[in-house]
Protein chains: 2
Amino acid sequence: MPAGVQVGTGQLPINQLFSVAVTGGRDASLDGAVQRFVTQLSRQTGIPFRPKPGAVPTLQIHADHSRQAIQKLGEDESYELNVTDSGAKLTAPTSLGVMRGLQTFLQLVQITPPGFAAPAVTIKDQPRFPWRGMLIDVSRHFIPIDVLKRNIDGMAAVKMNVLHWHLSDDQGFRVESKVFPKLTGMGSDGMFYTQEEIREFIAYAHDRGIRVMPEFDIPGHTHSWYPGYPELASGPGTYTLDGDGLDPIMNPIEESTYKFLERFIAEMAKLFPDAYFHIGGDEVDGKQWDANPKIQAFIHAHGMKNNQDLQAYFNQRLQKIVARNHKIMVGWDEILHPDLPKTIVVHSWRGQKSLAEASKQGYSGLLSFGYYLDLMWPAARHYAVDPMSGDAANLTPEEQRLILGGESCQWAEWVTPENIDSHIWPRNAAIAERLWSPQNVTDVASMYARMNAVSLDLEFLGLTHRSARQHMLHRMAGTADITALRNLADVVEPVKDYNRWDDAKGPIDFHAPLTRMIDAVYPESDTARHFGDLVQTFVQSGYKDQAAEAQIRMWLSTWRDNDAGLQPLLAQTSLLQEDVPLSQNLSAVGAAGLQALDYLDKGQTAPETWKTQQLAAVEQAKPRQADLLLMVVAPVQQLVEASAGQHN
Amino acid sequence: MPAGVQVGTGQLPINQLFSVAVTGGRDASLDGAVQRFVTQLSRQTGIPFRPKPGAVPTLQIHADHSRQAIQKLGEDESYELNVTDSGAKLTAPTSLGVMRGLQTFLQLVQITPPGFAAPAVTIKDQPRFPWRGMLIDVSRHFIPIDVLKRNIDGMAAVKMNVLHWHLSDDQGFRVESKVFPKLTGMGSDGMFYTQEEIREFIAYAHDRGIRVMPEFDIPGHTHSWYPGYPELASGPGTYTLDGDGLDPIMNPIEESTYKFLERFIAEMAKLFPDAYFHIGGDEVDGKQWDANPKIQAFIHAHGMKNNQDLQAYFNQRLQKIVARNHKIMVGWDEILHPDLPKTIVVHSWRGQKSLAEASKQGYSGLLSFGYYLDLMWPAARHYAVDPMSGDAANLTPEEQRLILGGESCQWAEWVTPENIDSHIWPRNAAIAERLWSPQNVTDVASMYARMNAVSLDLEFLGLTHRSARQHMLHRMAGTADITALRNLADVVEPVKDYNRWDDAKGPIDFHAPLTRMIDAVYPESDTARHFGDLVQTFVQSGYKDQAAEAQIRMWLSTWRDNDAGLQPLLAQTSLLQEDVPLSQNLSAVGAAGLQALDYLDKGQTAPETWKTQQLAAVEQAKPRQADLLLMVVAPVQQLVEASAGQHN
């Protein structure tokens, strides 16, 4: 949603004669962006454009200046877009602004009774925050470049401007180092990016107006460093990538560690042109430090109080290395320490509180708390998280300016190249809007309408957030007809937060297939949301809205009857057997809801015994099954209770 | 279906430990094929393989010899595959046979209650015909290399071995010629393949065991040659690619024509390594020859009777040029003429009759009649077409050996890169089986079962024959929820044969968008076929099969109720307005069927007035609407007639 929109009269038809012309500031990436814009508009509409030579262009584009060769934080991204029934004009101070405006134009084009068209409108737009990023973890599961590229395309579509590339973690080191080749040679399963691939990928992102910030998480989350370079660890012995179950930390008291980092960071600082360099710094489990007498003696000798002080010492030295390489250091909450210079950026996974603390002390900050896509929250919940809310709301304007924006986070414990798109999209579009649009744009229903529209466009960009589920359901079923399976998949969601990661099951096997129903379904069920809305409408009408009731009945009877058709299939394949109770519960819930409607229709109060029985069925359907939640249980419960006179 | 299958006991589990080892004859393309096999098996099963080093390989592969550097017609493709519950062995005389066997192994792997597995089986297999091809027309609509590549992958999956690349036609010349650059420069819309791309593509196909035979269709279908080289035409004047509406033919009486062809064919013969070279030769409309007095004088002076004799003269000279370039000439039926040497191959679009005639005269032949994918026939109809049936059935064994096989044809008047996959797949798999499997493999139900299974695998290969429909329906609807639209799309098929191409509408606009419902739907409706089968089951049970009736009722009520939900959407978008009557008819047909079932259930004979009314509704639903046919009308008609006592 743009910062300023003024609706006009009429609409601009988009047909085969559509054409574009560019004037003013120009650079290679602008020409590429215009080319891609035309291709994408053609894909979305299915129209092969054949403009008449010499005709007035449909869309006139003007940029005052070309953009920076290396994209800067805060570079002007504003633009103005004016659409009338006879043509459109897009102007911007920089070609970066033009790129943003082109995405808005793509979003404006919709199908209408006379054909595709963009409504007449005047838009003046600029981002609320200069830093609108997404973190992708490629350590836990390796994500190939082509998958990252299509996600870059998606980010550009929703005007995000930073890819935070989480390149190393315990489970794998993913960047070729020519100086220290054993980092990937022994610290990965052979899957990593070559420097050539990285350079090409950064250029790809730059062409789409996206900065690429690398993260090398130290001193914790560093297991993968030690198979090749065990001398960096704080504990003795050798390390293998798999299976020693340790949580080793980098040794901050040996000069050799800093010499290593000096050379490593120099190499990486050259490879990654962005001004910011993320050093992680989160979740440092101090066990190896506690167990190492030399380290404890060092802490004592230097008058430090604890491991936190030692990490601050480490970070100070690290910051100097990073600064010598002309980079600004970024790290997670835990790096915040008064001994560090104000130039660093604190990246908060803990909440607005630590962001507020940091900015009060003069540090810049980024918010990721509330934007963790791997927690399987609905888009609305992410959308409600504002970097300036909570403790940050009370900051002075000057302190607030230090809050640069935020980043969604796609941690990769439970994703593969096959299903990562559906874990990111379309929910990431809601976070992108939170970071771009004015703070008062908060209406959830209209957010969902925009998100659904953008979701369709993203499939035309090549993202697989919808099609992958289809493939995965086919794999599970082994059959061509998956109607009944899809009915079930449509109304479940993965368990939330970190509840999939059940301690009882032991540590995650990062090499296991991710091919269960939980891996295939969307994090958020559209069907369940619509059904819930319908039930609310029906209840609020005093059980009189017949159109809503008809739709509710249609859903309920589909669910009630679904199990009969689905059970034979579930029994046939190893991947679906765990879903047997889920399907049975859906059927029971559907039946309960239909009977409740019958009582409501007749104006009768349902008998107590019936109610008790149905509520038992409802309760049975509530707990997770196969790590999935049946998302239509609560509205059905509401109907059952209402029919028994327990009006809400 | 392999030539020989012996079913064993038990099954071979496919799990993370799966591994492969290769011994014997080896070449780069074998290693690549094994690599791709493992990748595809991993995609189909979703299992990331992690074999234990040193363990006995699950699948042992042995090829006696490596294959030819340039794939030959008739090169040994046989293999033996033995699967037991503890391992599998694939052996073949050549690495080409190994490739075919690997595809069989992929087809054997299915999901079962304990997990993915291949059944224990002993297979001895070889193809019935040595030439199993597919023609893809890239002139009418340009098809980019990446789309061709995924179709090559699909062809390899169903063991086809020739891509017949229809590279030039009236609407566009698609191959870069360095000798005659104006062929693409003025004879295409800028979309063509560079020689570098072609070389790389041929290598890609070769790696997958597929020959690439080029076709340059002459002397007819040559409009695109003349904008650049008008002197080649038989009529005077200049030519433009678009819009002069002529049907020009190459001039066969000027020596300059042969000089041109000599140089052109020499260049193309080097670019395409295959031994066969297709010169088209079909549908020569003689108008320009009739209108040219010099040509008529030439016919007269050389004692020819007609234009056919002149084309034979042209072909004789052409054949010599082709032969001098060490290629075997292939052409359509029309080239058959006793003056041509027996080395040529006659490619029949007309039927087994001309194939039989050719082989009686000692010519080799290929069948494409009956395999035209653009006619929108159901797979079963293609499947029933056998190269050795009809007139060919009565040939001597020696004459039959001259029938080399056949080719499916994907003419490109009505396809784009977006929907070409769904026009080809999965139906092409049925034609591939006809050409590979023994003649007596003809059971339609089991063909459909195999075709459906392969169709799922093809999506994991990257083909978009299912996912594209989803995208296109979303585009038409402009909404996220397309349930009702999908219900309609599921039961329609495009009009058959060339009925879309209605003369009344004038010539085809090859630049128009192909974004209507007819462009999105599958050529064959699975739902309609299943519904028809259900009705047959129900009728044959004397209207007693309750399970069948329940399913029939479910479908009918979905259809009856579908229009109410769909109409608001249809009205909203330009691309769906033409489908309004279609949706209404589906609703009417659904209602009629349900009422018929009610009469049948009660054992009543439906009243005559009711019957007349319903049959009128049925008749109204029969004609094409928006170039689509409602495929469930006939079975509903059967129910209506049965309920009125008119038992079939």
# chains A, B, ... in the order shown; residues from 1 in each chain; ligands from 1
call {"tool": "interface_residues", "arguments": {"of": "chain A", "to": "chain B", "cutoff": "8 Å", "atoms": "only C-alpha atoms", "output": "PyMOL selection string"}}
result
chain A and resi 44-48+110-116+452-453+456+459-460+467+471+474-480+511-515+571-575+577
call {"tool": "write_last_selection", "arguments": {"atoms": "C-alpha atoms", "output": "compact mmCIF listing (two decimals), in the first residue's frame"}}
result
# COMPACT_ATOMS: atom_id res chain seq x y z
CA GLN A 44 0.46 -11.94 -15.76
CA THR A 45 -1.88 -10.92 -18.54
CA GLY A 46 -0.89 -13.56 -21.10
CA ILE A 47 -0.66 -10.82 -23.71
CA PRO A 48 2.23 -10.87 -26.20
CA GLN A 110 -6.16 -6.41 -12.84
CA ILE A 111 -8.59 -8.20 -15.08
CA THR A 112 -11.89 -6.37 -15.56
CA PRO A 113 -14.98 -6.98 -17.70
CA PRO A 114 -13.56 -5.16 -20.74
CA GLY A 115 -10.05 -6.65 -20.31
CA PHE A 116 -6.86 -6.10 -18.35
CA ASN A 452 -3.83 -12.82 -2.19
CA ALA A 453 -3.49 -10.73 -5.34
CA LEU A 456 -0.98 -14.96 -7.80
CA GLU A 459 3.51 -17.61 -9.24
CA PHE A 460 3.91 -15.93 -12.62
CA SER A 467 2.48 -25.55 -7.07
CA HIS A 471 3.48 -32.02 -6.29
CA HIS A 474 0.76 -36.27 -5.41
CA ARG A 475 3.95 -37.85 -4.07
CA MET A 476 2.30 -38.76 -0.77
CA ALA A 477 -0.76 -40.16 -2.48
CA GLY A 478 0.92 -41.81 -5.45
CA THR A 479 -2.27 -41.16 -7.40
CA ALA A 480 -3.49 -38.64 -9.94
CA HIS A 511 19.22 -35.27 6.42
CA ALA A 512 15.78 -36.78 6.85
CA PRO A 513 13.24 -36.39 4.03
CA LEU A 514 10.78 -33.54 4.54
CA THR A 515 7.86 -35.14 2.75
CA ALA A 571 -3.92 -46.69 4.34
CA GLN A 572 -2.03 -47.30 1.10
CA THR A 573 0.99 -45.12 1.62
CA SER A 574 3.58 -44.79 4.31
CA LEU A 575 3.52 -41.00 4.13
CA GLN A 577 -0.81 -43.24 7.60
call {"tool": "select_by_dssp", "arguments": {"residues": "segment 301-528 of chain A", "states": "alpha helix (DSSP H)", "output": "ChimeraX atom specification"}}
result
/A:301,307-324,352-360,379-383,397-401,420-424,427-436,444-461,467-477,483-489,517-520,526-528
call {"tool": "select_by_dssp", "arguments": {"residues": "segment 34-168 of chain B", "states": "strand (DSSP E)", "output": "PyMOL selection string"}}
result
chain B and resi 59-65+79-84+87-94+110-112+115-125+131-137+162-168
call {"tool": "write_last_selection", "arguments": {"atoms": "N, CA and C atoms", "output": "compact mmCIF listing (two decimals), in the first residue's frame"}}
result
# COMPACT_ATOMS: atom_id res chain seq x y z
N LEU B 59 21.48 -50.64 -6.70
CA LEU B 59 21.27 -50.89 -8.12
C LEU B 59 22.62 -51.01 -8.81
N GLN B 60 22.88 -52.19 -9.40
CA GLN B 60 24.13 -52.39 -10.12
C GLN B 60 23.84 -52.28 -11.61
N ILE B 61 24.65 -51.48 -12.26
CA ILE B 61 24.43 -51.20 -13.69
C ILE B 61 25.63 -51.69 -14.47
N HIS B 62 25.34 -52.40 -15.56
CA HIS B 62 26.44 -52.84 -16.42
C HIS B 62 26.06 -52.66 -17.88
N ALA B 63 26.91 -51.96 -18.62
CA ALA B 63 26.74 -51.85 -20.08
C ALA B 63 27.94 -52.54 -20.73
N ASP B 64 27.65 -53.41 -21.72
CA ASP B 64 28.76 -54.07 -22.41
C ASP B 64 29.62 -53.05 -23.16
N HIS B 65 28.96 -52.14 -23.84
CA HIS B 65 29.68 -51.18 -24.67
C HIS B 65 29.14 -49.78 -24.45
N TYR B 79 17.56 -53.90 -22.90
CA TYR B 79 18.14 -53.98 -21.55
C TYR B 79 17.43 -55.08 -20.78
N GLU B 80 18.07 -55.50 -19.69
CA GLU B 80 17.43 -56.42 -18.76
C GLU B 80 17.49 -55.82 -17.37
N LEU B 81 16.39 -55.90 -16.69
CA LEU B 81 16.32 -55.33 -15.35
C LEU B 81 15.78 -56.39 -14.40
N ASN B 82 16.57 -56.66 -13.37
CA ASN B 82 16.17 -57.67 -12.41
C ASN B 82 16.11 -57.03 -11.02
N VAL B 83 14.91 -57.02 -10.45
CA VAL B 83 14.74 -56.42 -9.11
C VAL B 83 14.34 -57.53 -8.14
N THR B 84 15.09 -57.65 -7.06
CA THR B 84 14.69 -58.57 -5.99
C THR B 84 14.49 -57.75 -4.71
N GLY B 87 18.03 -56.15 -3.89
CA GLY B 87 18.85 -55.33 -4.79
C GLY B 87 18.35 -55.43 -6.20
N ALA B 88 18.96 -54.65 -7.08
CA ALA B 88 18.54 -54.63 -8.47
C ALA B 88 19.75 -54.61 -9.38
N LYS B 89 19.55 -55.19 -10.59
CA LYS B 89 20.63 -55.26 -11.56
C LYS B 89 20.08 -54.83 -12.91
N LEU B 90 20.79 -53.93 -13.54
CA LEU B 90 20.39 -53.47 -14.87
C LEU B 90 21.54 -53.72 -15.81
N THR B 91 21.31 -54.53 -16.84
CA THR B 91 22.38 -54.81 -17.81
C THR B 91 21.87 -54.54 -19.21
N ALA B 92 22.80 -54.12 -20.07
CA ALA B 92 22.41 -53.80 -21.45
C ALA B 92 23.63 -53.90 -22.34
N PRO B 93 23.41 -54.22 -23.61
CA PRO B 93 24.53 -54.27 -24.55
C PRO B 93 25.20 -52.90 -24.73
N THR B 94 24.40 -51.83 -24.61
CA THR B 94 24.96 -50.49 -24.79
C THR B 94 24.48 -49.57 -23.67
N GLN B 110 7.15 -47.03 -6.50
CA GLN B 110 5.85 -46.50 -6.08
C GLN B 110 5.83 -46.41 -4.57
N ILE B 111 4.92 -45.59 -4.07
CA ILE B 111 4.79 -45.53 -2.62
C ILE B 111 3.89 -46.68 -2.16
N THR B 112 4.29 -47.31 -1.06
CA THR B 112 3.55 -48.46 -0.52
C THR B 112 3.38 -48.23 0.99
N GLY B 115 6.65 -47.81 2.68
CA GLY B 115 7.53 -46.77 2.14
C GLY B 115 7.67 -46.91 0.65
N PHE B 116 8.59 -46.13 0.07
CA PHE B 116 8.79 -46.25 -1.37
C PHE B 116 9.49 -47.59 -1.67
N ALA B 117 9.14 -48.21 -2.80
CA ALA B 117 9.70 -49.51 -3.14
C ALA B 117 9.48 -49.81 -4.61
N ALA B 118 10.36 -50.68 -5.13
CA ALA B 118 10.16 -51.23 -6.47
C ALA B 118 9.80 -52.70 -6.30
N PRO B 119 8.77 -53.16 -7.02
CA PRO B 119 8.39 -54.57 -6.87
C PRO B 119 9.45 -55.49 -7.46
N ALA B 120 9.60 -56.67 -6.88
CA ALA B 120 10.51 -57.66 -7.45
C ALA B 120 9.99 -58.07 -8.82
N VAL B 121 10.88 -58.05 -9.81
CA VAL B 121 10.43 -58.27 -11.18
C VAL B 121 11.63 -58.57 -12.05
N THR B 122 11.42 -59.37 -13.11
CA THR B 122 12.47 -59.56 -14.11
C THR B 122 11.93 -59.07 -15.44
N ILE B 123 12.65 -58.13 -16.01
CA ILE B 123 12.21 -57.49 -17.25
C ILE B 123 13.25 -57.70 -18.33
N LYS B 124 12.79 -58.18 -19.50
CA LYS B 124 13.65 -58.19 -20.69
C LYS B 124 12.93 -57.33 -21.72
N ASP B 125 13.59 -56.31 -22.14
CA ASP B 125 12.84 -55.30 -22.88
C ASP B 125 13.63 -54.79 -24.08
N TRP B 131 12.22 -46.16 -34.51
CA TRP B 131 12.02 -44.70 -34.66
C TRP B 131 10.78 -44.31 -33.89
N ARG B 132 10.97 -43.65 -32.77
CA ARG B 132 9.85 -43.26 -31.91
C ARG B 132 10.01 -41.78 -31.61
N GLY B 133 9.32 -40.98 -32.40
CA GLY B 133 9.61 -39.55 -32.35
C GLY B 133 8.45 -38.67 -31.97
N MET B 134 8.80 -37.42 -31.78
CA MET B 134 7.79 -36.37 -31.63
C MET B 134 8.23 -35.18 -32.46
N LEU B 135 7.28 -34.66 -33.24
CA LEU B 135 7.52 -33.42 -33.98
C LEU B 135 7.08 -32.25 -33.11
N ILE B 136 7.92 -31.24 -33.02
CA ILE B 136 7.48 -29.98 -32.41
C ILE B 136 7.67 -28.86 -33.42
N ASP B 137 6.56 -28.22 -33.72
CA ASP B 137 6.54 -27.07 -34.62
C ASP B 137 6.92 -25.84 -33.80
N VAL B 162 13.51 -39.68 -31.00
CA VAL B 162 13.74 -38.68 -32.06
C VAL B 162 12.93 -37.43 -31.78
N LEU B 163 13.60 -36.29 -31.76
CA LEU B 163 12.87 -35.02 -31.84
C LEU B 163 12.92 -34.55 -33.28
N HIS B 164 11.74 -34.44 -33.86
CA HIS B 164 11.61 -33.90 -35.22
C HIS B 164 11.29 -32.42 -35.06
N TRP B 165 12.28 -31.61 -35.44
CA TRP B 165 12.21 -30.17 -35.13
C TRP B 165 11.74 -29.44 -36.37
N HIS B 166 10.49 -29.03 -36.36
CA HIS B 166 9.89 -28.35 -37.52
C HIS B 166 10.28 -26.87 -37.45
N LEU B 167 11.37 -26.54 -38.13
CA LEU B 167 12.08 -25.29 -37.87
C LEU B 167 11.69 -24.12 -38.76
N SER B 168 11.03 -24.41 -39.85
CA SER B 168 10.60 -23.29 -40.70
C SER B 168 9.22 -23.57 -41.24
call {"tool": "atom_distance", "arguments": {"atom1": "atom CA of Asp333 of chain B", "atom2": "atom CA of Asp76 of chain B"}}
result
28.3 Å
call {"tool": "atom_distance", "arguments": {"atom1": "atom CA of Gly54 of chain A", "atom2": "atom CA of Arg26 of chain A"}}
result
21.2 Å
call {"tool": "residues_around", "arguments": {"residues": "segment 602-614 of chain B", "least_positions_apart": "4", "cutoff": "6 Å", "atoms": "only C-alpha atoms", "output": "ChimeraX atom specification"}}
result
/B:592,643-645
call {"tool": "residues_around", "arguments": {"residues": "Asp169 of chain B", "least_positions_apart": "5", "cutoff": "8 Å", "atoms": "only C-alpha atoms", "output": "list in words"}}
result
Ser139, Arg140, Phe216, Asp217, His221, Thr222, His223 and Ser224 of chain B
call {"tool": "closest_residue", "arguments": {"among": "A:Ile518, A:Leu336, A:Ile253, A:Val618", "to": "Pro293 of chain A", "atoms": "only C-alpha atoms"}}
result
A:Ile253
call {"tool": "residues_around", "arguments": {"residues": "Gln103 of chain B", "least_positions_apart": "3", "cutoff": "6 Å", "atoms": "only C-alpha atoms", "output": "compact mmCIF listing (two decimals) with N, CA, C and O atoms, in the first residue's frame"}}
result
# COMPACT_ATOMS: atom_id res chain seq x y z
N ARG B 100 17.42 -46.50 -21.15
CA ARG B 100 16.02 -46.92 -21.23
C ARG B 100 15.62 -47.69 -19.97
O ARG B 100 14.52 -47.51 -19.43
N LEU B 106 12.60 -46.09 -12.71
CA LEU B 106 11.88 -44.95 -12.12
C LEU B 106 10.38 -45.20 -12.10
O LEU B 106 9.68 -44.82 -11.16
N ALA B 157 11.85 -39.89 -20.69
CA ALA B 157 11.14 -40.64 -19.65
C ALA B 157 10.25 -41.71 -20.26
O ALA B 157 10.04 -42.77 -19.65
call {"tool": "residues_around", "arguments": {"residues": "Arg486 of chain B", "least_positions_apart": "2", "cutoff": "10 Å", "atoms": "only C-alpha atoms", "output": "PyMOL selection string"}}
result
chain B and resi 469-470+473-474+481-484+488-491+521+566
call {"tool": "residues_around", "arguments": {"residues": "Asp533 of chain A", "least_positions_apart": "5", "cutoff": "9 Å", "atoms": "only C-alpha atoms", "output": "ChimeraX atom specification"}}
result
/A:528,538,635
call {"tool": "decode", "arguments": {"residues": "segment 628-647 of chain A", "atoms": "N, CA and C atoms", "output": "tab-separated table (two decimals), in the first residue's frame"}}
result
chain	number	residue	atom	x	y	z
A	628	LEU	N	0.10	-31.56	13.04
A	628	LEU	CA	-0.80	-30.64	12.34
A	628	LEU	C	-1.97	-30.26	13.24
A	629	LEU	N	-2.48	-29.07	12.99
A	629	LEU	CA	-3.67	-28.61	13.71
A	629	LEU	C	-4.82	-28.47	12.73
A	630	LEU	N	-6.00	-28.95	13.15
A	630	LEU	CA	-7.21	-28.82	12.35
A	630	LEU	C	-7.78	-27.44	12.65
A	631	MET	N	-7.77	-26.55	11.65
A	631	MET	CA	-8.02	-25.14	11.92
A	631	MET	C	-9.51	-24.76	11.90
A	632	VAL	N	-10.39	-25.72	11.66
A	632	VAL	CA	-11.81	-25.37	11.61
A	632	VAL	C	-12.56	-25.83	12.86
A	633	VAL	N	-11.82	-26.28	13.86
A	633	VAL	CA	-12.47	-26.82	15.05
A	633	VAL	C	-13.16	-25.72	15.87
A	634	ALA	N	-12.47	-24.61	16.08
A	634	ALA	CA	-13.02	-23.57	16.94
A	634	ALA	C	-14.35	-23.02	16.43
A	635	PRO	N	-14.47	-22.67	15.15
A	635	PRO	CA	-15.78	-22.19	14.68
A	635	PRO	C	-16.89	-23.24	14.79
A	636	VAL	N	-16.54	-24.52	14.57
A	636	VAL	CA	-17.56	-25.56	14.72
A	636	VAL	C	-17.99	-25.66	16.18
A	637	GLN	N	-17.03	-25.56	17.08
A	637	GLN	CA	-17.36	-25.57	18.51
A	637	GLN	C	-18.36	-24.46	18.82
A	638	GLN	N	-18.12	-23.31	18.21
A	638	GLN	CA	-19.01	-22.17	18.42
A	638	GLN	C	-20.44	-22.51	17.97
A	639	LEU	N	-20.55	-23.18	16.83
A	639	LEU	CA	-21.88	-23.56	16.34
A	639	LEU	C	-22.55	-24.57	17.28
A	640	VAL	N	-21.74	-25.54	17.73
A	640	VAL	CA	-22.30	-26.56	18.64
A	640	VAL	C	-22.81	-25.90	19.92
A	641	GLU	N	-21.99	-25.02	20.48
A	641	GLU	CA	-22.39	-24.36	21.73
A	641	GLU	C	-23.61	-23.48	21.51
A	642	ALA	N	-23.64	-22.81	20.38
A	642	ALA	CA	-24.78	-21.95	20.08
A	642	ALA	C	-26.06	-22.77	19.97
A	643	SER	N	-25.95	-23.92	19.31
A	643	SER	CA	-27.16	-24.73	19.11
A	643	SER	C	-27.67	-25.30	20.43
A	644	ALA	N	-26.77	-25.36	21.41
A	644	ALA	CA	-27.19	-25.86	22.73
A	644	ALA	C	-27.53	-24.71	23.66
A	645	GLY	N	-27.74	-23.53	23.07
A	645	GLY	CA	-28.20	-22.40	23.86
A	645	GLY	C	-27.10	-21.63	24.55
A	646	GLN	N	-25.87	-22.00	24.26
A	646	GLN	CA	-24.72	-21.34	24.88
A	646	GLN	C	-24.22	-20.26	23.94
A	647	HIS	N	-25.04	-19.23	23.74
A	647	HIS	CA	-24.70	-18.24	22.71
A	647	HIS	C	-23.48	-17.42	23.09
